[in-house]
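Structure first, then comments.
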Amino acid sequence: MKIKAAVLNQVGTPFTIETLDLEPPRTGEVLVKVKAAGVCHSDYHLRTGDTKHVLPVVPGHEGSGIVAEVGPGVNRVQPGDAVVLNWAPNCGTCYYCLHDRPNLCTTYVGPLWAGTMLDGTTRLSRDGAPVYHFSGVACFAEYVVVPEISCVPMTHDIPLEVGALVGCAVTTGVGAALNTARIKPGSSVAVFGAGGVGLSIIMGARLAGASQIIAVDRAEAKGAIALTFGATDFIMAGPQVPQTVRDMTEGRGADYVFEAIGIPAVQEQCLETVRPGGTLVLVGVSPMGSSTNLPGAVITRQEKTVTGSYYGTAHTTRDFPLYLDMYRRGLLDLDRLVSRTYRLQELNEAFADMLSGEIARGVILFD
Ligand SMILES: NC(=O)c1ccc[n+]([C@@H]2O[C@H](COP(=O)([O-])OP(=O)(O)OC[C@H]3O[C@@H](n4cnc5c(N)ncnc54)[C@H](O)[C@@H]3O)[C@@H](O)[C@H]2O)c1
Ligand SMILES: [Zn+2]
Ligand SMILES: [Zn+2]
């Protein structure tokens, strides 16, 4: 079938909206009519080249939609089902899946980073030449073919744009707070970067009962936004931040600090902001090949813990329904997180708004 999709043809150039060919789903695959796709910074990293990927690629990994057709052998979903798309499908049988870390599943890492389906081929093409799928999802497109295990059913009473955000920002951020850091009630927390991911960390910290949640961002507009999601304080980014946080925490520094931007110099400043014995959680994705210079002697003497957090240490089939249920019960304010909506043709404008720091999360809506 012919579909409209956003394509990155060359690093450093805008996404172009093009007509591509999409093959029907093969064994274990599903055709989904995309309804909503969130504008996540991880897609923008493709455009800058901070994340290297085979080109041309269709970006988009934070999506939801309605199942249109299933390939042979599919039994998890059927046509008409509403689904949230999972960008890190897990096999259920590898070492990590069996050790309660399905977000680190190694079985599909090869094909996913090669931009193909799990069998090593693409369903997308242009004039007979392959076009690659970002993270097995490629949802800045009217339709996607995805592995069955990338489809997590959601109930029809929840808006599909909310479902889309659960597919990345919410699971990444809330999960970083609840699963990776396991924030204790009464803690002090600092979150650097108040984008879709950082705001979700703030919501997770609040759910965990943190007493003090300090948001840090370079965009002034993020101050008011962060406070509505549960931050208790906002600080403008700058060299003074570690000292300001110490002043706000009886001289110690924060119990937990999250970096949700992906800049090595900010990650270094985050370590300074953690109290002795506290935890730094790296959530932002820094440029491939870059290094962060963290002082080993400080980490040793002050017993600071530094950990990564990938997809919120999630178990997606467990956590997507959990967060959707929390939304339904009013515990996660995901309507407010969808702060501006766009058409696919406006994708570059949506990324410009993301970079300006004026909005919480942009979402592309499809018919
Ligand atoms: N670990 C994971 O599994 C995972 C999942 C999704 C996204 N990410 C990564 O998380 C990061 C954030 O994603 P997002 O979609 O929320 O991005 P975003 O662009 O929406 O938000 C980033 C925020 O950081 C602020 N910022 C930028 N530079 C800053 C600086 N020097 N100091 C202070 N604030 C600054 C921006 O104003 C913005 O508010 C990205 O690197 C993304 O790739 C990681
Ligand atoms: Zn994302
Ligand atoms: Zn696995």
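Every chain in the structure tokens has a letter given in the order shown (A, B, ...), and although residue numbers restart at 1 in each chain, ligands are simply numbered from 1 in the order shown.
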Closest-contact table, chain A side, partner ligand 1, 7 Å, counting only C-alpha atoms and all ligand atoms, as a tab-separated table:
residue	atom	partner	partner_atom_place_in_ligand_line	distance
A:Val39	CA	ligand 1	15 (O)	6.9
A:Cys40	CA	ligand 1	15 (O)	3.9
A:His41	CA	ligand 1	15 (O)	3.9
A:Ser42	CA	ligand 1	43 (O)	3.5
A:His45	CA	ligand 1	43 (O)	6.6
A:Cys168	CA	ligand 1	6 (C)	5.8
A:Ala169	CA	ligand 1	6 (C)	5.7
A:Thr172	CA	ligand 1	5 (C)	5.3
A:Phe192	CA	ligand 1	33 (C)	5.9
A:Gly193	CA	ligand 1	24 (O)	3.5
A:Ala194	CA	ligand 1	39 (O)	4.3
A:Gly195	CA	ligand 1	21 (O)	3.2
A:Gly196	CA	ligand 1	16 (O)	4.0
A:Val197	CA	ligand 1	16 (O)	3.8
A:Gly198	CA	ligand 1	16 (O)	5.5
A:Val216	CA	ligand 1	33 (C)	6.0
A:Asp217	CA	ligand 1	34 (N)	3.6
A:Arg218	CA	ligand 1	34 (N)	4.2
A:Ala219	CA	ligand 1	37 (O)	4.7
A:Lys222	CA	ligand 1	39 (O)	6.3
A:Ala237	CA	ligand 1	33 (C)	4.9
A:Ala260	CA	ligand 1	11 (C)	4.7
A:Ile261	CA	ligand 1	11 (C)	4.2
A:Gly262	CA	ligand 1	41 (O)	4.2
A:Ile263	CA	ligand 1	31 (N)	6.9
A:Val266	CA	ligand 1	31 (N)	6.3
A:Val283	CA	ligand 1	1 (N)	4.1
A:Gly284	CA	ligand 1	10 (O)	3.6
A:Val285	CA	ligand 1	41 (O)	4.0
A:Ser286	CA	ligand 1	41 (O)	6.1
A:Ser309	CA	ligand 1	1 (N)	5.2
A:Tyr310	CA	ligand 1	3 (O)	3.6
A:Tyr311	CA	ligand 1	3 (O)	3.6
A:Gly312	CA	ligand 1	3 (O)	6.1
A:Met354	CA	ligand 1	19 (O)	5.4
A:Leu355	CA	ligand 1	19 (O)	5.6
A:Ser356	CA	ligand 1	37 (O)	6.6
A:Gly357	CA	ligand 1	37 (O)	4.4
A:Ala360	CA	ligand 1	20 (O)	6.9
A:Arg361	CA	ligand 1	20 (O)	6.4
Inset, instruction - Would you list the contacts of Ala210 of chain A as a PyMOL selection string, taking every protein, DNA or RNA residue within 8 Å and counting only C-alpha atoms, but skipping same-chain residues closer than 4 positions in sequence? - result: chain A and resi 183-189+205-206
Within 9 Å of Leu104 of chain A using only C-alpha atoms, minus same-chain residues under 2 positions, as a short mmCIF file (atom, residue, chain, number, x, y, z; two decimals) with N, CA and C atoms, in the first residue's frame:
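Result went into selection_19.cif, see below:
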data_model
loop_
_atom_site.label_atom_id
_atom_site.label_comp_id
_atom_site.auth_asym_id
_atom_site.auth_seq_id
_atom_site.Cartn_x
_atom_site.Cartn_y
_atom_site.Cartn_z
N ALA A 88 10.84 -1.26 22.32
CA ALA A 88 11.88 -2.21 22.73
C ALA A 88 11.25 -3.57 22.95
N ASN A 90 10.46 -7.34 23.59
CA ASN A 90 11.24 -8.29 24.39
C ASN A 90 10.79 -9.72 24.10
N TYR A 96 18.10 -11.53 29.94
CA TYR A 96 17.53 -10.33 30.56
C TYR A 96 16.03 -10.45 30.78
N CYS A 97 15.35 -11.04 29.81
CA CYS A 97 13.90 -11.25 30.00
C CYS A 97 13.66 -12.16 31.20
N ARG A 101 14.51 -8.01 33.50
CA ARG A 101 14.99 -6.78 32.87
C ARG A 101 14.64 -6.82 31.37
N PRO A 102 13.35 -6.98 31.04
CA PRO A 102 12.99 -7.12 29.63
C PRO A 102 13.34 -5.90 28.79
N THR A 106 18.14 -8.71 24.63
CA THR A 106 19.20 -8.63 23.60
C THR A 106 18.79 -9.29 22.28
N VAL A 109 18.00 -6.61 19.45
CA VAL A 109 18.81 -5.39 19.36
C VAL A 109 19.43 -5.25 17.96
N TYR A 310 16.94 2.99 31.11
CA TYR A 310 16.51 2.80 29.72
C TYR A 310 15.06 2.37 29.71
N THR A 313 13.34 1.26 33.01
CA THR A 313 13.48 -0.10 33.57
C THR A 313 12.11 -0.80 33.50
#
Q: Check segment 229-354 of chain A with DSSP on the backbone and list each residue it calls strand (DSSP E or B), as a list in words.
A: Asp233, Phe234, Ile235, Met236, Ala254, Asp255, Tyr256, Val257, Phe258, Glu259, Val274, Arg275, Pro276, Gly277, Gly278, Thr279, Leu280, Val281, Leu282, Thr305, Val306, Thr307, Gly308, Val338, Ser339, Arg340, Thr341 and Tyr342 of chain A
Write the residues you've just listed into a file as a PDB file, in the first residue's frame, and include C-alpha atoms for each of them.
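selection-v6.pdb written:
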ATOM      1  CA  ASP A 233      10.640  24.570  42.846  1.00  0.00           C
ATOM      2  CA  PHE A 234      12.179  25.691  39.558  1.00  0.00           C
ATOM      3  CA  ILE A 235      15.747  26.850  38.927  1.00  0.00           C
ATOM      4  CA  MET A 236      17.059  28.319  35.680  1.00  0.00           C
ATOM      5  CA  ALA A 254      19.515  16.164  46.454  1.00  0.00           C
ATOM      6  CA  ASP A 255      18.904  12.520  47.362  1.00  0.00           C
ATOM      7  CA  TYR A 256      18.168  11.719  43.710  1.00  0.00           C
ATOM      8  CA  VAL A 257      19.186  13.680  40.621  1.00  0.00           C
ATOM      9  CA  PHE A 258      17.892  12.854  37.139  1.00  0.00           C
ATOM     10  CA  GLU A 259      19.486  14.077  33.914  1.00  0.00           C
ATOM     11  CA  VAL A 274      23.718  14.733  44.297  1.00  0.00           C
ATOM     12  CA  ARG A 275      24.295  14.521  48.059  1.00  0.00           C
ATOM     13  CA  PRO A 276      26.899  12.082  49.404  1.00  0.00           C
ATOM     14  CA  GLY A 277      25.269   8.642  49.390  1.00  0.00           C
ATOM     15  CA  GLY A 278      22.724   9.813  46.825  1.00  0.00           C
ATOM     16  CA  THR A 279      21.902   8.598  43.336  1.00  0.00           C
ATOM     17  CA  LEU A 280      22.386  10.105  39.878  1.00  0.00           C
ATOM     18  CA  VAL A 281      20.125   8.629  37.188  1.00  0.00           C
ATOM     19  CA  LEU A 282      21.109   9.244  33.558  1.00  0.00           C
ATOM     20  CA  THR A 305      25.637   5.908  42.826  1.00  0.00           C
ATOM     21  CA  VAL A 306      25.476   6.575  39.086  1.00  0.00           C
ATOM     22  CA  THR A 307      23.017   4.540  37.062  1.00  0.00           C
ATOM     23  CA  GLY A 308      21.486   4.576  33.608  1.00  0.00           C
ATOM     24  CA  VAL A 338      -0.349  16.570  25.398  1.00  0.00           C
ATOM     25  CA  SER A 339       0.152  20.298  25.211  1.00  0.00           C
ATOM     26  CA  ARG A 340       0.010  20.911  21.455  1.00  0.00           C
ATOM     27  CA  THR A 341      -1.134  18.794  18.519  1.00  0.00           C
ATOM     28  CA  TYR A 342      -0.047  18.896  14.880  1.00  0.00           C
TER      29      TYR A 342
END
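Of the listed residues A:Met326, A:Ala36, A:Leu160, A:Val241, the one whose atoms come nearest to Met203 of chain A is A:Met326, with distances taken using only C-alpha atoms.
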Selection: 12 Å around Val70 of chain A, only C-alpha atoms, excl. self and same-chain fewer than 6 positions, as a VMD selection string
chain A and resid 24 to 33 76 to 81 144 to 148 151
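Ranking A:Gly92, A:Gly230, A:Gly71, A:Gly209 by their shortest atom-to-atom distance to ligand 3, with only C-alpha atoms and all ligand atoms included, puts A:Gly92 first.
Atom pair atom CA of Asp325 of chain A / atom CA of Pro159 of chain A has a distance of 12.4 Å (rounded to one decimal).
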Helix (DSSP H, G or I) residues, from DSSP on the backbone, in segment 2-251 of chain A, as number ranges by chain: A: 41-48, 95-98, 102-104, 109-113, 134-136, 148-150, 160-166, 169-180, 196-207, 222-228, 241-248
Using C-alpha atoms, can you write the selected residues to a file as an mmCIF file, in the first residue's frame?
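Resulting contents of again30.cif:
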data_model
loop_
_atom_site.group_PDB
_atom_site.id
_atom_site.type_symbol
_atom_site.label_atom_id
_atom_site.label_comp_id
_atom_site.auth_asym_id
_atom_site.auth_seq_id
_atom_site.Cartn_x
_atom_site.Cartn_y
_atom_site.Cartn_z
ATOM 1 C CA HIS A 41 13.847 14.194 21.400
ATOM 2 C CA SER A 42 15.176 10.711 20.554
ATOM 3 C CA ASP A 43 13.819 11.167 17.000
ATOM 4 C CA TYR A 44 15.520 14.541 16.763
ATOM 5 C CA HIS A 45 18.854 12.908 17.716
ATOM 6 C CA LEU A 46 18.619 11.091 14.360
ATOM 7 C CA ARG A 47 18.372 14.380 12.523
ATOM 8 C CA THR A 48 21.410 15.900 14.284
ATOM 9 C CA TYR A 95 18.912 -13.849 29.973
ATOM 10 C CA TYR A 96 17.533 -10.328 30.563
ATOM 11 C CA CYS A 97 13.903 -11.249 30.003
ATOM 12 C CA LEU A 98 14.320 -14.122 32.477
ATOM 13 C CA PRO A 102 12.986 -7.119 29.631
ATOM 14 C CA ASN A 103 13.913 -3.532 28.679
ATOM 15 C CA LEU A 104 17.457 -4.849 28.177
ATOM 16 C CA VAL A 109 18.806 -5.391 19.357
ATOM 17 C CA GLY A 110 20.552 -6.327 16.087
ATOM 18 C CA PRO A 111 17.604 -5.985 13.682
ATOM 19 C CA LEU A 112 16.112 -3.004 15.560
ATOM 20 C CA TRP A 113 19.313 -0.979 15.258
ATOM 21 C CA PHE A 134 13.301 3.462 13.522
ATOM 22 C CA SER A 135 13.203 1.105 16.520
ATOM 23 C CA GLY A 136 10.809 -1.283 14.797
ATOM 24 C CA GLU A 148 3.326 -8.493 17.211
ATOM 25 C CA ILE A 149 5.290 -8.162 20.453
ATOM 26 C CA SER A 150 5.497 -4.402 19.892
ATOM 27 C CA LEU A 160 -5.090 7.482 21.712
ATOM 28 C CA GLU A 161 -2.803 10.515 22.119
ATOM 29 C CA VAL A 162 -2.502 9.634 25.805
ATOM 30 C CA GLY A 163 -1.690 6.058 24.810
ATOM 31 C CA ALA A 164 1.028 7.331 22.484
ATOM 32 C CA LEU A 165 2.823 9.170 25.289
ATOM 33 C CA VAL A 166 2.739 6.040 27.433
ATOM 34 C CA ALA A 169 7.899 9.631 27.638
ATOM 35 C CA VAL A 170 5.621 8.430 30.429
ATOM 36 C CA THR A 171 7.059 4.937 30.729
ATOM 37 C CA THR A 172 10.605 6.314 30.516
ATOM 38 C CA GLY A 173 10.096 9.074 33.078
ATOM 39 C CA VAL A 174 7.674 7.587 35.584
ATOM 40 C CA GLY A 175 9.609 4.317 35.357
ATOM 41 C CA ALA A 176 12.934 6.077 36.001
ATOM 42 C CA ALA A 177 11.479 7.405 39.256
ATOM 43 C CA LEU A 178 9.595 4.288 40.389
ATOM 44 C CA ASN A 179 11.570 1.363 38.917
ATOM 45 C CA THR A 180 15.127 2.586 38.361
ATOM 46 C CA GLY A 196 8.176 15.132 28.016
ATOM 47 C CA VAL A 197 10.597 12.804 29.785
ATOM 48 C CA GLY A 198 11.607 15.149 32.636
ATOM 49 C CA LEU A 199 7.986 16.126 33.351
ATOM 50 C CA SER A 200 7.155 12.416 33.563
ATOM 51 C CA ILE A 201 10.018 11.937 36.048
ATOM 52 C CA ILE A 202 8.495 14.777 38.089
ATOM 53 C CA MET A 203 5.103 13.015 38.032
ATOM 54 C CA GLY A 204 6.787 9.761 39.085
ATOM 55 C CA ALA A 205 8.671 11.476 41.927
ATOM 56 C CA ARG A 206 5.426 12.913 43.169
ATOM 57 C CA LEU A 207 3.725 9.491 43.040
ATOM 58 C CA LYS A 222 9.338 25.390 31.699
ATOM 59 C CA GLY A 223 9.124 26.853 35.210
ATOM 60 C CA ALA A 224 5.346 27.244 35.266
ATOM 61 C CA ILE A 225 4.894 24.001 33.312
ATOM 62 C CA ALA A 226 7.046 21.965 35.741
ATOM 63 C CA LEU A 227 5.131 23.316 38.755
ATOM 64 C CA THR A 228 1.809 22.145 37.290
ATOM 65 C CA VAL A 241 22.611 25.111 40.181
ATOM 66 C CA PRO A 242 24.527 22.615 42.408
ATOM 67 C CA GLN A 243 25.047 25.286 45.085
ATOM 68 C CA THR A 244 21.432 26.482 44.850
ATOM 69 C CA VAL A 245 20.203 22.894 45.322
ATOM 70 C CA ARG A 246 22.537 22.434 48.304
ATOM 71 C CA ASP A 247 21.167 25.649 49.805
ATOM 72 C CA MET A 248 17.661 24.203 49.407
#
